[in-house]
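Trainee: Supplied in structure tokens, the structure appears directly below.
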Amino acid sequence: MNRADGLPRLPLGLCGMLVLAAACVLFPRVVDPIAQPARWLMCLPLRALPMRYAEAAQPSERAATRAAATATAMARLADDAVRGGAAVGPNSVPLICRVLDRRVPGAASLPTLLVLDRPWSEVGDCTGLVTRAGCVVGFLGQPSDADTTAARGHAIVRCLHHAPRGAVPRRLIASAVVDGTKMRFVVEPGSRIDAWPLRVGLLEDPYRAARTRSLGQRVLTHGGSVEGVVVPADLELGTLRAWGYVEGGAETLPVGFFVEPAIDPRAIATVVLWRPAVDPQESAPQAGLVASRRSVRGSLLPAGRRLYLVTGSMQVPVGSAVLARDDQFFGTVDESGPGDAIATAFGVVGRAWSLLLVPHDIVRAPIECAAKVVDADDTHVVLQLSAAVEACAGEVLTGGQGLHCPAGLWIGSIEAIEDAGRRLRVHRLAPDLSLLAVLALPESAP
Amino acid sequence: MRQLLPAVLWFFVVAWWFLADAWLLQVAGPWRVDLAVALCVFAVFGARASALPWLLVCAGIGRALVYGGGPCVHLLLLGVPIAALFPLRRLAMPAWILHASVACILALALPAGSALAQRIAEGAPPLLGRPALGELLWTMCTAPLAAALLGRLPPLWFFREAAA
């Protein structure tokens, strides 16, 4: 380094590239066509690592048992989803759909768009209202031009807090019992920085609302029609919350009222669409999309439990679920190229997942929850849950993590639920990489 | 050709660089040699200014591959501190003080940048732990040494300013 020769050459090239990178952060899809081949190319030397794999074999008996248990759990989840459906109307027939993906962060940074496992063409005749266990989730939608690239024709659900760009947001009339009296108000999407995704507006009696000091009441629909979709009364929207100043240490002087949704959109795995019952045959359940299975081989990269190299005969989509021996969910594909891919393991600290907790007690319905990994070792993963759940013994399944990672894949067993139901400790078997498979939906399915 | 071969070599080595970083993180925890900081120290004091864009583009892609997140976010996380600290290379101070100070700033800036990116950017990498005082002192000692050592080996050796 020569410090004597006047001014140093400024890294103008680097500065220019940083400006370009900042622009690309705003439009990440612009970079994908360049970044993805570059990453794949970068991974090529990693294939020099010694591979540790065996020939593909038939799924074991344990996998078959596990598949049967998963099917039972999903049936229990479906039963729970249609609970409270009588409020929707006697002439409607439920159509249960699984959520494949959650997209487009919006109010309170929660996803506003749920991608379903059925094509729009199959559910286009449904009424438009989407519920789950007597709660309103949102409205059925046809993928717009912007969504089509991501969802490839799948039907989508626009959650209640979805605020369409350049259009008037959907508003619902709702009510809650405040201080013993029913109060009506309008519920509309909040903003990204709000603590809760639904904002309350046009209170029927704002003075009474401002005086109240006890909140947390259930918010129900008041009935009516929203953009041609009939919303029956007494369906649950969520819980009334207040944002404001703290008085006397605990009480709140409300400045704004919000509704916390009854179901966290990050956790929801199953929704119910409603179809007019014209013919009894139409109520027969139809199968959703079935993921295909491809045998692959895997190897642990030096980075430990995080990265795995997966090789196979053909390219697999990014986001595909990777299954280890006995159909144990292992992780998802992060990078993909012709014949090989990089998979990231489930127990990587910082990864967010939607999970299904299936209690052994068959009376209890499976619990949908969103969680983030906070600690992990070879046989245990500790997750922080987004909402408190009741302690129980049971199994942990995936709750749908993308188009190619469906709900119902076995992860492990619940070892403990701690911290007042906010912390989940999962016991899982050390992954056996000798038999791997990748699940993927057919590209042309919808 | 003289420029191309080192560029290609760095492109294929950078994933191993961050894999080694992740492996060290797993084995030694925060008491590791922080190779990301070492790379930044080398970029600030040892690299040719003209080589920085390619060094950082590859580093952004490689770090995104290993740690997750978008390559552009990683490029910004690494590149902004380097660009900001780059003028320090002409400061007339003992080199070891400069190098240790820059390592300290980078050891704090990288987790802080990740935390900021988590709040504002899509495709942000997972949060890194903020180093405690002892770990910071450890990084101030080890990262400049690692930068000096690795800067004398290929492929970084080809990007040294003295070798231009």
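Just so we're on the same page: first chain in the structure tokens is A, next is B, and so on; residues restart at 1 for each chain, and ligands are numbered from 1 in the order they show up.
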Report as a ChimeraX atom specification all protein, DNA and RNA residues lying within 12 Å of Gly134 (chain B), evaluated on only C-alpha atoms, omitting residues in the same chain fewer than 5 positions from it.
Mentor: /B:30-32,104,139-141
Trainee: May I have the residues within 10 Å of region 364-370 of chain A as an MDAnalysis selection string, using only C-alpha atoms and disregarding those fewer than 4 positions away in the same chain?
Mentor: chainID A and resid 73:81 263:270 352:360 383:390 392 394:399
Trainee: Report, in Å to a single decimal, how far apart CA of Arg48 (chain B) and CA of Ala83 (chain B) are.
Mentor: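 Spanning CA of Ala83 (chain B) to CA of Arg48 (chain B) is a straight-line distance of 12.6 Å.
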Trainee: So how many Å separate CA of Ala195 (chain A) and CA of Leu253 (chain A), to one decimal?
Mentor: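 So the answer is 15.9 Å.
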Trainee: Residues near region 56-72 of chain B, anyone? I mean within 9 Å using only C-alpha atoms, not counting same-chain ones fewer than 3 positions away, as a PyMOL selection string.
Mentor: (chain A and resi 14+17-18+20-25+28+31+35+38-39+42-43+303+306-307+334-335+342+344) or (chain B and resi 10-19+22+36+39+43+51-53+75-79+122-126)
